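Structure file model-v8.pdb; described as PDB, C-alpha atoms, pLDDT in the B column.
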ATOM      1  CA  MET A   7     126.302 139.186 170.757  1.00 57.00           C
ATOM      2  CA  GLN A   8     126.867 140.702 174.189  1.00 64.00           C
ATOM      3  CA  LYS A   9     129.125 143.725 174.262  1.00 69.00           C
ATOM      4  CA  THR A  10     129.637 143.707 178.030  1.00 85.00           C
ATOM      5  CA  LYS A  11     132.298 141.494 179.607  1.00 95.00           C
ATOM      6  CA  PHE A  12     131.065 141.826 183.193  1.00 97.00           C
ATOM      7  CA  LEU A  13     127.466 141.337 184.339  1.00 98.00           C
ATOM      8  CA  ALA A  14     126.371 141.752 187.949  1.00 98.00           C
ATOM      9  CA  HIS A  15     124.539 138.620 189.092  1.00 98.00           C
ATOM     10  CA  ARG A  16     120.985 139.663 190.056  1.00 98.00           C
ATOM     11  CA  GLY A  17     122.240 143.229 190.059  1.00 98.00           C
ATOM     12  CA  LEU A  18     125.008 144.707 192.177  1.00 98.00           C
ATOM     13  CA  HIS A  19     123.584 143.513 195.487  1.00 98.00           C
ATOM     14  CA  LEU A  20     125.016 143.318 198.990  1.00 96.00           C
ATOM     15  CA  GLY A  21     123.482 140.580 201.121  1.00 93.00           C
ATOM     16  CA  VAL A  22     120.441 141.659 203.115  1.00 95.00           C
ATOM     17  CA  GLU A  23     121.356 145.362 202.897  1.00 96.00           C
ATOM     18  CA  ILE A  24     120.916 145.654 199.127  1.00 98.00           C
ATOM     19  CA  PRO A  25     118.763 142.680 198.104  1.00 98.00           C
ATOM     20  CA  GLU A  26     119.315 140.719 194.908  1.00 98.00           C
ATOM     21  CA  ASN A  27     117.040 141.581 191.978  1.00 98.00           C
ATOM     22  CA  SER A  28     116.014 144.854 193.621  1.00 98.00           C
ATOM     23  CA  LEU A  29     115.741 148.274 192.031  1.00 98.00           C
ATOM     24  CA  LEU A  30     118.530 149.440 194.343  1.00 98.00           C
ATOM     25  CA  ALA A  31     120.827 146.650 193.131  1.00 98.00           C
ATOM     26  CA  PHE A  32     120.077 147.590 189.522  1.00 98.00           C
ATOM     27  CA  LYS A  33     120.697 151.291 190.194  1.00 98.00           C
ATOM     28  CA  ASN A  34     124.088 150.353 191.666  1.00 98.00           C
ATOM     29  CA  SER A  35     124.932 148.376 188.543  1.00 98.00           C
ATOM     30  CA  VAL A  36     124.044 151.274 186.276  1.00 98.00           C
ATOM     31  CA  GLU A  37     126.045 153.749 188.361  1.00 98.00           C
ATOM     32  CA  LYS A  38     129.129 151.529 188.086  1.00 97.00           C
ATOM     33  CA  SER A  39     128.494 150.701 184.401  1.00 97.00           C
ATOM     34  CA  TYR A  40     128.169 146.961 184.913  1.00 97.00           C
ATOM     35  CA  GLY A  41     125.852 144.880 182.790  1.00 97.00           C
ATOM     36  CA  ILE A  42     122.985 143.243 184.647  1.00 98.00           C
ATOM     37  CA  GLU A  43     121.901 139.627 184.895  1.00 98.00           C
ATOM     38  CA  LEU A  44     118.376 139.355 186.288  1.00 98.00           C
ATOM     39  CA  ASP A  45     115.601 136.793 186.666  1.00 98.00           C
ATOM     40  CA  ILE A  46     111.995 137.161 185.560  1.00 98.00           C
ATOM     41  CA  THR A  47     108.801 135.230 186.166  1.00 98.00           C
ATOM     42  CA  ILE A  48     105.091 136.001 186.016  1.00 98.00           C
ATOM     43  CA  SER A  49     102.424 136.785 188.603  1.00 98.00           C
ATOM     44  CA  LYS A  50      98.920 135.329 188.712  1.00 98.00           C
ATOM     45  CA  ASP A  51      97.568 138.440 186.958  1.00 98.00           C
ATOM     46  CA  ASN A  52     100.194 138.224 184.204  1.00 98.00           C
ATOM     47  CA  GLN A  53     102.620 140.869 185.384  1.00 98.00           C
ATOM     48  CA  ILE A  54     106.292 140.180 184.649  1.00 98.00           C
ATOM     49  CA  VAL A  55     108.194 140.470 187.906  1.00 98.00           C
ATOM     50  CA  VAL A  56     111.896 140.303 188.678  1.00 99.00           C
ATOM     51  CA  PHE A  57     112.458 137.468 191.138  1.00 98.00           C
ATOM     52  CA  HIS A  58     114.669 134.391 191.233  1.00 98.00           C
ATOM     53  CA  ASP A  59     112.957 131.809 193.436  1.00 98.00           C
ATOM     54  CA  ASP A  60     109.783 129.831 192.785  1.00 97.00           C
ATOM     55  CA  THR A  61     108.559 130.655 196.281  1.00 98.00           C
ATOM     56  CA  LEU A  62     108.532 133.771 198.448  1.00 98.00           C
ATOM     57  CA  ASP A  63     109.989 132.139 201.555  1.00 98.00           C
ATOM     58  CA  ARG A  64     113.691 133.042 201.316  1.00 98.00           C
ATOM     59  CA  LEU A  65     113.478 136.691 200.317  1.00 98.00           C
ATOM     60  CA  CYS A  66     110.103 137.761 201.694  1.00 98.00           C
ATOM     61  CA  ASN A  67     109.657 135.448 204.686  1.00 97.00           C
ATOM     62  CA  VAL A  68     106.164 134.390 203.615  1.00 97.00           C
ATOM     63  CA  SER A  69     105.041 131.083 202.161  1.00 97.00           C
ATOM     64  CA  GLY A  70     103.692 130.511 198.704  1.00 97.00           C
ATOM     65  CA  ASP A  71     104.532 130.157 195.037  1.00 98.00           C
ATOM     66  CA  ILE A  72     105.056 133.547 193.400  1.00 98.00           C
ATOM     67  CA  GLU A  73     102.900 132.558 190.404  1.00 98.00           C
ATOM     68  CA  GLU A  74      99.894 132.103 192.684  1.00 98.00           C
ATOM     69  CA  PHE A  75      99.658 135.770 193.730  1.00 98.00           C
ATOM     70  CA  ASP A  76      98.526 138.953 191.990  1.00 98.00           C
ATOM     71  CA  TYR A  77     101.094 141.708 191.754  1.00 98.00           C
ATOM     72  CA  SER A  78      99.064 143.915 194.116  1.00 98.00           C
ATOM     73  CA  TYR A  79      99.969 141.449 196.882  1.00 98.00           C
ATOM     74  CA  LEU A  80     103.560 140.911 195.751  1.00 98.00           C
ATOM     75  CA  LYS A  81     104.115 144.666 195.748  1.00 97.00           C
ATOM     76  CA  SER A  82     103.168 144.793 199.445  1.00 97.00           C
ATOM     77  CA  LEU A  83     106.065 142.515 200.402  1.00 98.00           C
ATOM     78  CA  ASN A  84     109.549 143.637 201.357  1.00 98.00           C
ATOM     79  CA  LEU A  85     112.780 141.965 200.251  1.00 98.00           C
ATOM     80  CA  TYR A  86     114.483 140.770 203.426  1.00 97.00           C
ATOM     81  CA  LYS A  87     113.900 143.523 206.001  1.00 92.00           C
ATOM     82  CA  THR A  88     114.590 146.422 203.654  1.00 97.00           C
ATOM     83  CA  LYS A  89     112.205 148.870 202.011  1.00 97.00           C
ATOM     84  CA  GLU A  90     112.932 147.283 198.636  1.00 98.00           C
ATOM     85  CA  GLN A  91     110.033 145.495 196.949  1.00 98.00           C
ATOM     86  CA  ILE A  92     109.635 142.955 194.150  1.00 98.00           C
ATOM     87  CA  PRO A  93     110.028 145.072 191.002  1.00 98.00           C
ATOM     88  CA  LEU A  94     108.149 144.881 187.754  1.00 98.00           C
ATOM     89  CA  PHE A  95     110.377 144.235 184.754  1.00 98.00           C
ATOM     90  CA  SER A  96     108.981 147.415 183.178  1.00 98.00           C
ATOM     91  CA  GLU A  97     110.331 149.408 186.154  1.00 98.00           C
ATOM     92  CA  VAL A  98     113.786 147.943 185.602  1.00 98.00           C
ATOM     93  CA  LEU A  99     113.740 148.975 181.942  1.00 98.00           C
ATOM     94  CA  LYS A 100     113.019 152.565 182.991  1.00 98.00           C
ATOM     95  CA  ILE A 101     115.877 152.584 185.498  1.00 97.00           C
ATOM     96  CA  VAL A 102     118.392 150.993 183.159  1.00 98.00           C
ATOM     97  CA  ASP A 103     117.237 153.175 180.269  1.00 98.00           C
ATOM     98  CA  SER A 104     119.607 151.513 177.760  1.00 97.00           C
ATOM     99  CA  LYS A 105     122.662 152.523 179.811  1.00 97.00           C
ATOM    100  CA  VAL A 106     123.955 148.985 180.417  1.00 97.00           C
ATOM    101  CA  GLU A 107     123.356 145.599 178.864  1.00 97.00           C
ATOM    102  CA  LEU A 108     120.668 143.228 180.181  1.00 98.00           C
ATOM    103  CA  PHE A 109     120.982 139.461 180.444  1.00 98.00           C
ATOM    104  CA  ILE A 110     117.379 138.360 181.077  1.00 98.00           C
ATOM    105  CA  GLU A 111     116.940 134.890 182.559  1.00 98.00           C
ATOM    106  CA  ILE A 112     113.410 133.527 182.191  1.00 98.00           C
ATOM    107  CA  LYS A 113     112.609 131.161 185.043  1.00 98.00           C
ATOM    108  CA  LYS A 114     110.551 128.010 184.676  1.00 98.00           C
ATOM    109  CA  HIS A 115     106.853 128.910 184.710  1.00 97.00           C
ATOM    110  CA  LYS A 116     103.425 127.678 183.680  1.00 95.00           C
ATOM    111  CA  ASN A 117     101.584 128.423 180.435  1.00 96.00           C
ATOM    112  CA  ILE A 118     104.549 129.133 178.177  1.00 98.00           C
ATOM    113  CA  GLY A 119     103.660 131.823 175.668  1.00 98.00           C
ATOM    114  CA  ILE A 120     101.967 134.336 177.960  1.00 98.00           C
ATOM    115  CA  LEU A 121     105.085 135.697 179.658  1.00 98.00           C
ATOM    116  CA  GLU A 122     107.024 135.430 176.414  1.00 98.00           C
ATOM    117  CA  ASN A 123     104.492 137.486 174.434  1.00 98.00           C
ATOM    118  CA  ILE A 124     104.319 140.169 177.117  1.00 98.00           C
ATOM    119  CA  LEU A 125     108.103 140.298 177.390  1.00 98.00           C
ATOM    120  CA  SER A 126     108.466 140.632 173.628  1.00 98.00           C
ATOM    121  CA  SER A 127     106.046 143.568 173.658  1.00 98.00           C
ATOM    122  CA  LEU A 128     107.936 145.294 176.471  1.00 98.00           C
ATOM    123  CA  LEU A 129     111.216 144.904 174.613  1.00 98.00           C
ATOM    124  CA  GLU A 130     109.861 145.906 171.219  1.00 96.00           C
ATOM    125  CA  ASN A 131     110.631 149.596 171.652  1.00 92.00           C
ATOM    126  CA  TYR A 132     113.520 149.200 174.086  1.00 97.00           C
ATOM    127  CA  ARG A 133     116.695 150.572 172.513  1.00 95.00           C
ATOM    128  CA  GLY A 134     119.262 149.084 174.865  1.00 96.00           C
ATOM    129  CA  GLU A 135     121.362 145.949 174.465  1.00 96.00           C
ATOM    130  CA  TYR A 136     119.741 142.777 175.795  1.00 97.00           C
ATOM    131  CA  SER A 137     119.435 139.035 175.345  1.00 97.00           C
ATOM    132  CA  ILE A 138     117.197 136.384 176.880  1.00 98.00           C
ATOM    133  CA  CYS A 139     118.287 133.059 178.325  1.00 98.00           C
ATOM    134  CA  SER A 140     116.887 130.093 180.192  1.00 98.00           C
ATOM    135  CA  PHE A 141     117.557 126.577 181.424  1.00 98.00           C
ATOM    136  CA  GLU A 142     114.233 125.593 179.881  1.00 98.00           C
ATOM    137  CA  LYS A 143     114.230 124.114 176.368  1.00 98.00           C
ATOM    138  CA  ASP A 144     110.527 124.872 175.821  1.00 98.00           C
ATOM    139  CA  ILE A 145     110.955 128.570 176.628  1.00 98.00           C
ATOM    140  CA  LEU A 146     113.895 128.979 174.253  1.00 98.00           C
ATOM    141  CA  THR A 147     112.074 126.990 171.577  1.00 98.00           C
ATOM    142  CA  TRP A 148     109.134 129.417 171.833  1.00 98.00           C
ATOM    143  CA  PHE A 149     111.462 132.323 171.031  1.00 98.00           C
ATOM    144  CA  LYS A 150     113.106 130.360 168.235  1.00 97.00           C
ATOM    145  CA  LYS A 151     109.703 129.837 166.606  1.00 98.00           C
ATOM    146  CA  ASN A 152     108.033 133.154 167.401  1.00 98.00           C
ATOM    147  CA  LYS A 153     110.682 135.842 168.029  1.00 97.00           C
ATOM    148  CA  ASN A 154     113.800 134.581 166.359  1.00 96.00           C
ATOM    149  CA  SER A 155     115.340 138.054 166.137  1.00 96.00           C
ATOM    150  CA  ILE A 156     115.845 138.098 169.926  1.00 97.00           C
ATOM    151  CA  LYS A 157     119.197 136.610 170.948  1.00 96.00           C
ATOM    152  CA  ARG A 158     118.693 133.365 172.882  1.00 97.00           C
ATOM    153  CA  GLY A 159     121.043 131.735 175.366  1.00 98.00           C
ATOM    154  CA  LEU A 160     120.998 128.241 176.848  1.00 98.00           C
ATOM    155  CA  ILE A 161     121.946 128.117 180.534  1.00 98.00           C
ATOM    156  CA  PHE A 162     123.389 124.819 181.720  1.00 98.00           C
ATOM    157  CA  GLU A 163     124.718 123.387 184.974  1.00 97.00           C
ATOM    158  CA  PRO A 164     125.825 119.873 185.972  1.00 95.00           C
ATOM    159  CA  LEU A 165     123.149 117.327 186.797  1.00 90.00           C
ATOM    160  CA  ASN A 166     123.135 115.844 190.293  1.00 87.00           C
ATOM    161  CA  LYS A 167     125.836 113.293 191.111  1.00 83.00           C
ATOM    162  CA  LYS A 168     123.696 110.290 190.218  1.00 82.00           C
ATOM    163  CA  PHE A 169     123.285 111.483 186.621  1.00 84.00           C
ATOM    164  CA  GLN A 170     126.500 113.439 185.998  1.00 87.00           C
ATOM    165  CA  LYS A 171     127.719 110.929 183.439  1.00 91.00           C
ATOM    166  CA  TYR A 172     124.873 112.191 181.224  1.00 95.00           C
ATOM    167  CA  ASN A 173     125.877 115.868 181.452  1.00 96.00           C
ATOM    168  CA  LYS A 174     127.286 116.150 177.953  1.00 96.00           C
ATOM    169  CA  LEU A 175     124.512 114.053 176.407  1.00 97.00           C
ATOM    170  CA  ILE A 176     121.773 116.245 177.923  1.00 96.00           C
ATOM    171  CA  PHE A 177     123.620 119.405 176.974  1.00 98.00           C
ATOM    172  CA  LEU A 178     124.045 118.292 173.358  1.00 98.00           C
ATOM    173  CA  TYR A 179     120.392 117.272 173.148  1.00 97.00           C
ATOM    174  CA  LYS A 180     119.282 120.737 174.281  1.00 97.00           C
ATOM    175  CA  TYR A 181     121.853 122.506 172.132  1.00 98.00           C
ATOM    176  CA  PHE A 182     120.857 120.821 168.878  1.00 98.00           C
ATOM    177  CA  LYS A 183     117.146 121.205 169.626  1.00 97.00           C
ATOM    178  CA  ILE A 184     117.420 124.903 170.458  1.00 97.00           C
ATOM    179  CA  LYS A 185     120.403 126.070 168.386  1.00 97.00           C
ATOM    180  CA  PRO A 186     121.028 128.941 170.821  1.00 98.00           C
ATOM    181  CA  ASP A 187     122.970 132.084 169.967  1.00 97.00           C
ATOM    182  CA  PHE A 188     125.125 131.755 173.090  1.00 97.00           C
ATOM    183  CA  ILE A 189     125.792 129.515 176.077  1.00 98.00           C
ATOM    184  CA  SER A 190     125.900 130.350 179.782  1.00 98.00           C
ATOM    185  CA  LEU A 191     127.654 127.682 181.850  1.00 98.00           C
ATOM    186  CA  ASN A 192     128.050 127.080 185.546  1.00 98.00           C
ATOM    187  CA  TYR A 193     131.623 127.749 186.679  1.00 98.00           C
ATOM    188  CA  SER A 194     132.060 124.070 187.590  1.00 97.00           C
ATOM    189  CA  LEU A 195     131.949 123.252 183.867  1.00 97.00           C
ATOM    190  CA  PHE A 196     135.067 125.292 183.144  1.00 97.00           C
ATOM    191  CA  ASN A 197     137.516 123.050 181.264  1.00 94.00           C
ATOM    192  CA  SER A 198     134.785 120.448 180.745  1.00 96.00           C
ATOM    193  CA  ASP A 199     134.068 118.689 177.465  1.00 96.00           C
ATOM    194  CA  ILE A 200     130.965 120.875 177.239  1.00 98.00           C
ATOM    195  CA  LEU A 201     132.972 124.091 177.316  1.00 98.00           C
ATOM    196  CA  LYS A 202     135.454 122.645 174.826  1.00 98.00           C
ATOM    197  CA  PHE A 203     132.576 121.789 172.499  1.00 98.00           C
ATOM    198  CA  CYS A 204     131.273 125.361 172.739  1.00 98.00           C
ATOM    199  CA  LYS A 205     134.705 126.744 171.891  1.00 97.00           C
ATOM    200  CA  ARG A 206     135.014 124.467 168.881  1.00 97.00           C
ATOM    201  CA  LYS A 207     131.646 125.778 167.700  1.00 97.00           C
ATOM    202  CA  LYS A 208     132.926 129.330 168.311  1.00 96.00           C
ATOM    203  CA  LEU A 209     129.937 130.077 170.505  1.00 97.00           C
ATOM    204  CA  PHE A 210     129.754 133.095 172.756  1.00 96.00           C
ATOM    205  CA  ILE A 211     130.307 131.724 176.287  1.00 97.00           C
ATOM    206  CA  SER A 212     129.497 133.263 179.657  1.00 97.00           C
ATOM    207  CA  LEU A 213     130.331 131.687 183.020  1.00 98.00           C
ATOM    208  CA  TRP A 214     128.460 132.006 186.318  1.00 98.00           C
ATOM    209  CA  THR A 215     128.783 132.711 189.148  1.00 98.00           C
ATOM    210  CA  ILE A 216     132.273 134.204 189.556  1.00 98.00           C
ATOM    211  CA  ASP A 217     132.415 135.062 193.242  1.00 98.00           C
ATOM    212  CA  SER A 218     136.100 135.032 194.181  1.00 98.00           C
ATOM    213  CA  SER A 219     139.311 136.544 192.875  1.00 97.00           C
ATOM    214  CA  GLU A 220     140.696 133.022 192.337  1.00 97.00           C
ATOM    215  CA  LYS A 221     137.842 132.121 189.984  1.00 98.00           C
ATOM    216  CA  TYR A 222     138.162 135.462 188.245  1.00 98.00           C
ATOM    217  CA  GLN A 223     141.883 135.038 187.596  1.00 97.00           C
ATOM    218  CA  ARG A 224     141.352 131.494 186.347  1.00 97.00           C
ATOM    219  CA  VAL A 225     138.653 132.209 183.765  1.00 97.00           C
ATOM    220  CA  ASN A 226     138.757 135.884 182.835  1.00 96.00           C
ATOM    221  CA  SER A 227     140.790 135.448 179.655  1.00 96.00           C
ATOM    222  CA  GLN A 228     139.129 132.179 178.668  1.00 96.00           C
ATOM    223  CA  VAL A 229     135.485 133.151 178.061  1.00 97.00           C
ATOM    224  CA  ASP A 230     133.514 136.041 176.589  1.00 97.00           C
ATOM    225  CA  ALA A 231     131.543 137.197 179.635  1.00 97.00           C
ATOM    226  CA  LEU A 232     131.548 136.741 183.398  1.00 98.00           C
ATOM    227  CA  ILE A 233     128.488 136.876 185.635  1.00 98.00           C
ATOM    228  CA  PHE A 234     129.858 137.934 189.009  1.00 98.00           C
ATOM    229  CA  GLU A 235     128.969 138.735 192.596  1.00 97.00           C
ATOM    230  CA  LYS A 236     130.852 139.414 195.849  1.00 96.00           C
ATOM    231  CA  ILE A 237     133.843 140.745 193.882  1.00 96.00           C
ATOM    232  CA  THR A 238     134.634 143.794 191.773  1.00 92.00           C
ATOM    233  CA  PRO A 239     136.121 142.818 188.390  1.00 93.00           C
TER     234      PRO A 239
END
Please re-express this file's structure in C-alpha cells.
Amino acid sequence: MQKTKFLAHRGLHLGVEIPENSLLAFKNSVEKSYGIELDITISKDNQIVVFHDDTLDRLCNVSGDIEEFDYSYLKSLNLYKTKEQIPLFSEVLKIVDSKVELFIEIKKHKNIGILENILSSLLENYRGEYSICSFEKDILTWFKKNKNSIKRGLIFEPLNKKFQKYNKLIFLYKYFKIKPDFISLNYSLFNSDILKFCKRKKLFISLWTIDSSEKYQRVNSQVDALIFEKITP
C-alpha cells in the first residue's frame, strides 16, 4: 500500500498565489518530498485533466462544465489570476517522474470506461508509486473488473444532516460491493464506527483534510496517511 505518510492535498498550494492542482503546486510537493493527492477528470475531447470542480467558475472565473470543453479551450484559461493553467495528467507524470507517491482521485464523470482506459494506458509504463481512489462506486468497480492490479481506494464523507443516520449503512454497502484496497475518510469520521470498522479489518486508512496543528496532533499516530494543506507536517 502507500509508502508515504504525508500527501499534499491538491499539491502544495498557497491560496491564489500557487493554485491548487497546478503544475507549480506539484513542483513544490516534489521539491519538499511530499506525496501528492490530485484530482482528475476528462475533457470533451477525451484528455485527462487535473481539476477538482465540475465547473470552471471558482478557479477560472468562467461558466461551464469542464467536461463540455475541448482541452484546447481549457488550456487557454488561467487558474485564478496566475499564469498557471489546467494541466494534463500526462504533464504531471513528467514533473513528478516517480520522485513522490501519487494519490489519484477520479472525479465523477460521464461515460465510465473512457477515462479509466486512458488513465490505465498512461500509468502502464509509469514506474512511480501510485494508487487510484474515488467516491464513486461505479468507477472503482470498473477498475476491480478491468484493472484489478491497480490499488483502489474508497473515499467517504458523512452524508448531509438529514441522512447521517445512514452513514455506516451506505459505507458498508459500498465497501462490500467494491472491496477496496484502502479507505480515505473525511476527518469528521475520526473515532466514528466507520473508522473503527476499518481498523478491525486492518485496512490502510488515510484521513483528509488535515489543515491545522490541532487536527494533526490528534490523528497523526492513529492512521496510516494524512492528506494535508495549510500546515507543514
Answer as a list in words, residues within 6 Å of (123.5, 135.9, 171.0) using all atoms listed in the file: Met7, Lys157, Arg158, Asp187 and Phe188 of chain A
Selected by the PyMOL selection byres ((chain A and resi 93-104) around 7) in the shown coordinates: which residues, as a PDB file with C-alpha atoms, keeping the file's coordinate frame?
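Here's the written file out-v1.pdb:
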ATOM      1  CA  SER A  28     116.014 144.854 193.621  1.00 98.00           C
ATOM      2  CA  LEU A  29     115.741 148.274 192.031  1.00 98.00           C
ATOM      3  CA  LYS A  33     120.697 151.291 190.194  1.00 98.00           C
ATOM      4  CA  VAL A  36     124.044 151.274 186.276  1.00 98.00           C
ATOM      5  CA  ILE A  54     106.292 140.180 184.649  1.00 98.00           C
ATOM      6  CA  VAL A  55     108.194 140.470 187.906  1.00 98.00           C
ATOM      7  CA  VAL A  56     111.896 140.303 188.678  1.00 99.00           C
ATOM      8  CA  GLN A  91     110.033 145.495 196.949  1.00 98.00           C
ATOM      9  CA  ILE A  92     109.635 142.955 194.150  1.00 98.00           C
ATOM     10  CA  LYS A 105     122.662 152.523 179.811  1.00 97.00           C
ATOM     11  CA  VAL A 106     123.955 148.985 180.417  1.00 97.00           C
ATOM     12  CA  ARG A 133     116.695 150.572 172.513  1.00 95.00           C
ATOM     13  CA  GLY A 134     119.262 149.084 174.865  1.00 96.00           C
ATOM     14  CA  GLU A 135     121.362 145.949 174.465  1.00 96.00           C
TER      15      GLU A 135
END
One-decimal distance in Å that lies between CA of Cys66 in chain A and CA of Pro25 in chain A: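 Pair CA of Pro25 in chain A / CA of Cys66 in chain A returns 10.6 Å.
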Which of A:Asn27, A:Asn226, A:Asn166, A:Ser127 sits closest to Ile46 in chain A [using only C-alpha atoms]: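 Closest residue, counting only C-alpha atoms: A:Asn27.
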Pick from A:Cys139, A:Leu178, A:Ile42, A:Leu128 nearest to Phe203 in chain A, counting all atoms listed in the file: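 Using all atoms listed in the file, Phe203 in chain A sits closest to A:Leu178.
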